[in-house]
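Novice: Sharing a structure here in structure tokens format.
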There are 2 protein chains.
Amino acid sequence: MQNPAEELFIRHQDILNNAIKAIHAREFYAQYPEAPSGKIYGEDANEKQQTLFQNQLGKEFCGLLQESDAVITSSEVSPYTLEKLNIEYPVSKQPETYVTRAGKALSQWKQTSAAVRAGLLIESLERIRNRFYEIAYATMHTTGQSFMMSFQASGPHSNDRALEAIALGYQELTRFPGEVTWDKPMGKFNVVLKKFYKTIPKGVSLSIGCSTFPVWNTVPGLYASLMTGNPVIVKPHPGSVYPIAIVVAEIQQLLKEHGLDVHIVQLATDTLEKPITKILCEHPEVKLIDFTGGNAFGDYVESLPGKVSFTEKAGVNSVILDSFSDLKGAMQNLAFSVSLYSGQMCTCPQNIYIPKSGVTVNGETLSYEHIISELCAAIDALTGHEKAGPGTLGAIQNPTTASRIQQAVDTGAKVHLASRAISNPEFPNARIATPVVLEVSKNNKNIYEREWFGPIVMVIPTDSTDESIALAKELSLSHGAITCAAYCTNPEIEEKIATEMADAYTTVSFNLTGPIWVNQSAGFSDFHVTGGNPAGNASFTNPEFVLKRFVLVGMRSC
Amino acid sequence: MQNPAEELFIRHQDILNNAIKAIHAREFYAQYPEAPSGKIYGEDANEKQQTLFQNQLGKEFCGLLQESDAVITSSEVSPYTLEKLNIEYPVSKQPETYVTRAGKALSQWKQTSAAVRAGLLIESLERIRNRFYEIAYATMHTTGQSFMMSFQASGPHSNDRALEAIALGYQELTRFPGEVTWDKPMGKFNVVLKKFYKTIPKGVSLSIGCSTFPVWNTVPGLYASLMTGNPVIVKPHPGSVYPIAIVVAEIQQLLKEHGLDVHIVQLATDTLEKPITKILCEHPEVKLIDFTGGNAFGDYVESLPGKVSFTEKAGVNSVILDSFSDLKGAMQNLAFSVSLYSGQMCTCPQNIYIPKSGVTVNGETLSYEHIISELCAAIDALTGHEKAGPGTLGAIQNPTTASRIQQAVDTGAKVHLASRAISNPEFPNARIATPVVLEVSKNNKNIYEREWFGPIVMVIPTDSTDESIALAKELSLSHGAITCAAYCTNPEIEEKIATEMADAYTTVSFNLTGPIWVNQSAGFSDFHVTGGNPAGNASFTNPEFVLKRFVLVGMRSC
């Protein structure tokens, strides 16, 4: 090992090995601390990078090294200020140009070894680590996430998920020996062959981002494809380009430093008015597509012939309430889960199934109405809290999401808790609304069987917990689900919930109280989306997520 | 571990561990010796099982335990005697019944542990081992393979491929821990969750067999699905039911002995006149489909929405002749490869690319014409040999395959070696034909770009080895290829062939001479089909082949 790219592998080998170990242990592990702490990330990092963020607004984006023949002004609008970011991004007028350049870069990138790729890609994470604050401000002012969430989700948690993809990719690429002697006894003599095994990338990879988690949802596929030798075209959501542009720029810079084609990764920005995604998807050279977003487009991506797709679409997440030992803790936990980032998470609960006959709390029966009022009170207390309220809710990314609250009310469902506007003193113009809590009859499946993205909660009274389980399972199988939260103190019922929801390929979190929520998915431990129900066909990060990106080809020689 | 099914796991744990080790070492390994030796398989095994075979003809098939409401008489005809086997197989009149029963069996089978499944399935291989001779005669008289090939391919080589699928399935099912404690430091306190991980089967699995390799091509998918918890409906080719019926019967017997639903595996025999395959394929409960056969049906299977498919279709296999150190050895090897089982192998060479300027043998140039005459002479010598000829060629499974030889000649291609009928003294009625060697201009791509299944060889004169490589690569990418044989003594050109063909996801065998042929694919070492080009989307047995059959679902609990 001589050249600088190979030296990076040696330098980062411990990070790689620890990550591979962590993936298989599935215990708590984090390479990048989640606290936005000056001690960890530099005492002046916040201030300096906030200035960088401010200086970037209204100007051409700094740092991308890819060729371009035009610039477009971003569609990005801060949900906190409602002002346009007015950043200009370099683009190629003809979308095909991205594919042509990626195809050219493929021939170079595929020749690098797994070690060189792993070293370079981990180094890119170390560079990105130095920009966590700028990424956080960019995320905050494109997605509406709070600063804390923006920092954690787009910074350390994203880097951890990227490292997970690198590590599992490296392991699978090196799982079988590069070369062996095959020595077959034939009785009086042996047949001896030299066999060698190559790992050939599938081809040009396309990564289609979403507006709410522009980094966290993009980097697993981006790094999985790069690790396995596939150049990637990153097509961000027009509403949230800046955060992932930083990631692409850092990787390009590193590629350049090591004499590699910067077009191994490209940013293909477009606008809401003139989208280019379908042109890229349907290009015959594009072989891999990662997609996060709505069902209609996701189904289209999955149906494209000759492509391998990795989708995370929408699901209808459920909550099953049966019995409690700590009702207050449970209601506070649930209130936080439905309020966090105003329900704009694919993991956020939507449908809460409660038996009409009530639930039990340490053996005592509490009425259905009582539970609802406890839940509404907990939401009200959290969102009405001067500091915690705005900090939890963040802002609503998209006006369509905000207007969906009224649409839900217009279904005629009974309103248990109305959505209200609260003020965020720091950002008086912020688009904010607290969750609405509606009651929907189990017979109105047409209402609650679909995802109501945003701060919209639907309580469905059921005949029994068995019926709650059956409805949650049915909707997971027919419409998809990414999470299920259950509160249950009876081990037999808990076992039944786990079994039935597992059969619907839906993860369940039981009896969460305290500072851990069903919405969260931890790198190295939790598989995000199972890939088994209509909410998506891929999982962060199971072995399939990396394996489907390359092909094992064996060679034999006498 | 108490019950008999769990005891089987303990009994067979060494076999399992050795197989897992072998898969990852990829050196020579075989659990089941390939020689039909009385010392290994029992001195009277051949005679006894030949009698069993004879006694089975014209009668209802013995041993299947599945429910049935009718019997059908098999379409099986011996390519050696041209007589019908007239075996009656129990069937269900309504194809949906198979799926209903499989769905019911799923709920039981999915609850068994990976260990119980592995123990049972390895035990089934040990039972099948005791029927290798009967399976061989059944294979011989349905496929036309020689006795030796029938024994090896449907017996030990199939069992090895089945074991490979069991072992890799077991490893992936147990790759992540069943339960862990997740203990996250939060500064002043820790958040502690119990996490557990389930492996949930995808659902009912359908395995569609082919007429030429009814066992070898079926058992990898069959055992991969069973190992990962999916019940399997085996839909054999109507022309070759008997060999795989024995496998199904042995598994059913074992399931019954252990108190499990015999419908965890079912045989769904149909006839050429009334096929049921599409009805089964399109049933919404069928989630996994393994298919071996032609492109039209394979493409249909791959296009079915909501299914995971594993296909092995047709390809156009190539031979690149450049330079030799042992011309005679090479020509004999190639002659055997194109004659073996009359070219009725998906791995058999078809297109032989030779530079018009000739090739070099130890530095000396030999003309294009000379090489062709050497090849034709080698084929003639082999197939004309009284004993080796019939033993190598076997018989032609299907009259359509036999008539394809004349169709190839009718293209107007120049005939270098005509196909001729030779006699097999043991089976005077056998359908036999030696390979035809045709010369096709590189410009007549419409002729040589498609598979000519059977004893049909096409020589394509090229301008250079570079052009030979380019044509072979192009056809691999556009029409698929499973193998490539290359003869080349120049390391640089060898490297180029390996690189270019790997980029077309095609395995290459270099400079084979002696008793090892490009057609062969060794369990535990060779990946059969890469899954990367149009010849098929699956590979025996790479990790994807088992992983796509189940879903990892994580659960969390406070």
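By order in the structure tokens, chains are A, B, ...; within a chain, residues start at 1; ligands start at 1, following the order shown.
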Tell me, as a count of residues only, which residues lie within 10 Å of Ala5 (chain A), counting only C-alpha atoms; anything in the same chain fewer than 2 positions away does not count.

Specialist: 21

Novice: Give me every helix (DSSP H, G or I) residue in region 7-200 of chain B, going by DSSP on the backbone, as a ChimeraX atom specification.

Specialist: /B:7-11,13-25,38-41,45-56,95-109,114-129,132-143,147-154,156-173

Novice: Since we have the selection now, will you write its residues out, keeping C-alpha atoms, as a JSON list (two decimals), in the first residue's frame?

Specialist:
[["chain", "number", "residue", "atom", "x", "y", "z"],
["B", 7, "GLU", "CA", -31.71, -33.63, 17.45],
["B", 8, "LEU", "CA", -31.25, -33.69, 13.69],
["B", 9, "PHE", "CA", -29.58, -30.31, 13.91],
["B", 10, "ILE", "CA", -27.09, -31.61, 16.45],
["B", 11, "ARG", "CA", -26.48, -34.72, 14.36],
["B", 13, "GLN", "CA", -24.03, -29.72, 12.69],
["B", 14, "ASP", "CA", -20.63, -30.75, 11.33],
["B", 15, "ILE", "CA", -22.01, -31.05, 7.80],
["B", 16, "LEU", "CA", -23.52, -27.59, 8.16],
["B", 17, "ASN", "CA", -20.39, -25.99, 9.57],
["B", 18, "ASN", "CA", -18.16, -27.59, 6.96],
["B", 19, "ALA", "CA", -20.45, -26.35, 4.22],
["B", 20, "ILE", "CA", -20.46, -22.79, 5.56],
["B", 21, "LYS", "CA", -16.68, -22.90, 5.76],
["B", 22, "ALA", "CA", -16.42, -24.33, 2.22],
["B", 23, "ILE", "CA", -18.69, -21.64, 0.78],
["B", 24, "HIS", "CA", -16.38, -18.97, 2.11],
["B", 25, "ALA", "CA", -13.15, -20.76, 1.22],
["B", 38, "GLY", "CA", -20.74, -49.32, -4.90],
["B", 39, "LYS", "CA", -18.19, -48.88, -2.15],
["B", 40, "ILE", "CA", -19.57, -45.45, -1.37],
["B", 41, "TYR", "CA", -23.26, -45.84, -2.05],
["B", 45, "ALA", "CA", -27.63, -50.04, -4.59],
["B", 46, "ASN", "CA", -27.47, -49.85, -8.37],
["B", 47, "GLU", "CA", -29.23, -53.15, -8.99],
["B", 48, "LYS", "CA", -31.89, -52.67, -6.32],
["B", 49, "GLN", "CA", -32.72, -49.15, -7.38],
["B", 50, "GLN", "CA", -32.77, -50.02, -11.07],
["B", 51, "THR", "CA", -35.45, -52.57, -10.15],
["B", 52, "LEU", "CA", -37.36, -49.90, -8.22],
["B", 53, "PHE", "CA", -37.18, -47.70, -11.32],
["B", 54, "GLN", "CA", -38.43, -50.49, -13.59],
["B", 55, "ASN", "CA", -41.26, -51.30, -11.21],
["B", 56, "GLN", "CA", -42.33, -47.66, -11.04],
["B", 95, "PRO", "CA", -54.21, -25.27, -9.05],
["B", 96, "GLU", "CA", -55.29, -22.76, -6.39],
["B", 97, "THR", "CA", -55.53, -25.65, -3.95],
["B", 98, "TYR", "CA", -51.75, -25.98, -3.90],
["B", 99, "VAL", "CA", -51.45, -22.34, -2.91],
["B", 100, "THR", "CA", -54.12, -22.59, -0.23],
["B", 101, "ARG", "CA", -52.38, -25.58, 1.33],
["B", 102, "ALA", "CA", -48.99, -23.91, 1.09],
["B", 103, "GLY", "CA", -50.40, -20.82, 2.79],
["B", 104, "LYS", "CA", -51.67, -22.96, 5.63],
["B", 105, "ALA", "CA", -48.34, -24.76, 5.90],
["B", 106, "LEU", "CA", -46.54, -21.42, 6.00],
["B", 107, "SER", "CA", -47.96, -20.53, 9.41],
["B", 108, "GLN", "CA", -46.41, -23.71, 10.84],
["B", 109, "TRP", "CA", -43.13, -23.75, 8.95],
["B", 114, "ALA", "CA", -33.32, -21.99, 11.57],
["B", 115, "ALA", "CA", -31.68, -24.88, 13.42],
["B", 116, "VAL", "CA", -34.72, -27.15, 13.12],
["B", 117, "ARG", "CA", -35.03, -26.36, 9.42],
["B", 118, "ALA", "CA", -31.34, -26.94, 8.76],
["B", 119, "GLY", "CA", -31.39, -30.26, 10.63],
["B", 120, "LEU", "CA", -34.45, -31.52, 8.78],
["B", 121, "LEU", "CA", -33.28, -30.40, 5.38],
["B", 122, "ILE", "CA", -29.80, -31.89, 5.72],
["B", 123, "GLU", "CA", -31.43, -35.12, 6.91],
["B", 124, "SER", "CA", -33.55, -35.07, 3.74],
["B", 125, "LEU", "CA", -30.32, -34.95, 1.70],
["B", 126, "GLU", "CA", -29.03, -37.97, 3.58],
["B", 127, "ARG", "CA", -32.24, -39.83, 2.67],
["B", 128, "ILE", "CA", -32.06, -38.69, -0.96],
["B", 129, "ARG", "CA", -28.49, -39.99, -1.03],
["B", 132, "PHE", "CA", -29.22, -41.61, -6.07],
["B", 133, "TYR", "CA", -29.40, -44.58, -8.46],
["B", 134, "GLU", "CA", -33.16, -44.47, -8.86],
["B", 135, "ILE", "CA", -32.93, -40.71, -9.37],
["B", 136, "ALA", "CA", -30.22, -41.37, -11.97],
["B", 137, "TYR", "CA", -32.37, -43.81, -13.97],
["B", 138, "ALA", "CA", -35.34, -41.45, -13.69],
["B", 139, "THR", "CA", -33.17, -38.58, -14.92],
["B", 140, "MET", "CA", -31.67, -40.63, -17.72],
["B", 141, "HIS", "CA", -35.05, -41.69, -19.05],
["B", 142, "THR", "CA", -36.64, -38.26, -18.92],
["B", 143, "THR", "CA", -33.76, -35.96, -19.88],
["B", 147, "PHE", "CA", -26.24, -42.70, -16.87],
["B", 148, "MET", "CA", -23.01, -41.26, -15.51],
["B", 149, "MET", "CA", -24.13, -37.69, -16.00],
["B", 150, "SER", "CA", -27.60, -38.46, -14.63],
["B", 151, "PHE", "CA", -26.06, -39.92, -11.50],
["B", 152, "GLN", "CA", -23.66, -37.07, -10.94],
["B", 153, "ALA", "CA", -25.86, -34.14, -11.92],
["B", 154, "SER", "CA", -29.10, -35.24, -10.24],
["B", 156, "PRO", "CA", -24.28, -35.79, -5.58],
["B", 157, "HIS", "CA", -23.91, -32.51, -7.47],
["B", 158, "SER", "CA", -27.54, -31.62, -6.76],
["B", 159, "ASN", "CA", -27.23, -32.56, -3.13],
["B", 160, "ASP", "CA", -24.12, -30.40, -2.87],
["B", 161, "ARG", "CA", -25.97, -27.44, -4.40],
["B", 162, "ALA", "CA", -28.88, -28.04, -2.02],
["B", 163, "LEU", "CA", -26.53, -28.16, 0.95],
["B", 164, "GLU", "CA", -24.91, -24.95, -0.24],
["B", 165, "ALA", "CA", -28.30, -23.22, -0.18],
["B", 166, "ILE", "CA", -29.12, -24.61, 3.27],
["B", 167, "ALA", "CA", -25.76, -23.55, 4.67],
["B", 168, "LEU", "CA", -25.80, -20.02, 3.27],
["B", 169, "GLY", "CA", -29.44, -19.65, 4.30],
["B", 170, "TYR", "CA", -28.64, -20.76, 7.83],
["B", 171, "GLN", "CA", -25.72, -18.37, 8.01],
["B", 172, "GLU", "CA", -27.75, -15.38, 6.86],
["B", 173, "LEU", "CA", -30.69, -16.24, 9.13]]

Novice: When you draw a straight line from CA of Cys484 (chain B) to CA of Gln350 (chain B), how long is it in Å?

Specialist: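 Interatomic distance here is 9.5 Å.
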
Novice: Within region 467-510 of chain B, find each residue whose DSSP state, derived from the backbone, is strand (DSSP E), and express the selection as a ChimeraX atom specification.

Specialist: /B:483-487,507-510

Novice: Chain B residues within 8 Å of chain A, counting only C-alpha atoms: which ones, as a PyMOL selection string?

Specialist: chain B and resi 24-28+175-177+180-184+191+198+200+202+303+305+498+502-503+505-513+515-516+526-527+530-532+542-544+547-548+551-558

Novice: Would you mind reading off the distance between CA of Asp69 (chain B) and CA of Thr269 (chain B), one decimal, in Å?

Specialist: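 Between CA of Asp69 (chain B) and CA of Thr269 (chain B) the gap is 12.7 Å.
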
Novice: At a cut-off of 7 Å, using only C-alpha atoms, what residues contact Ile379 (chain A)? Leave out same-chain residues fewer than 4 positions from it and give the result as a VMD selection string.

Specialist: chain A and resid 335 375 383
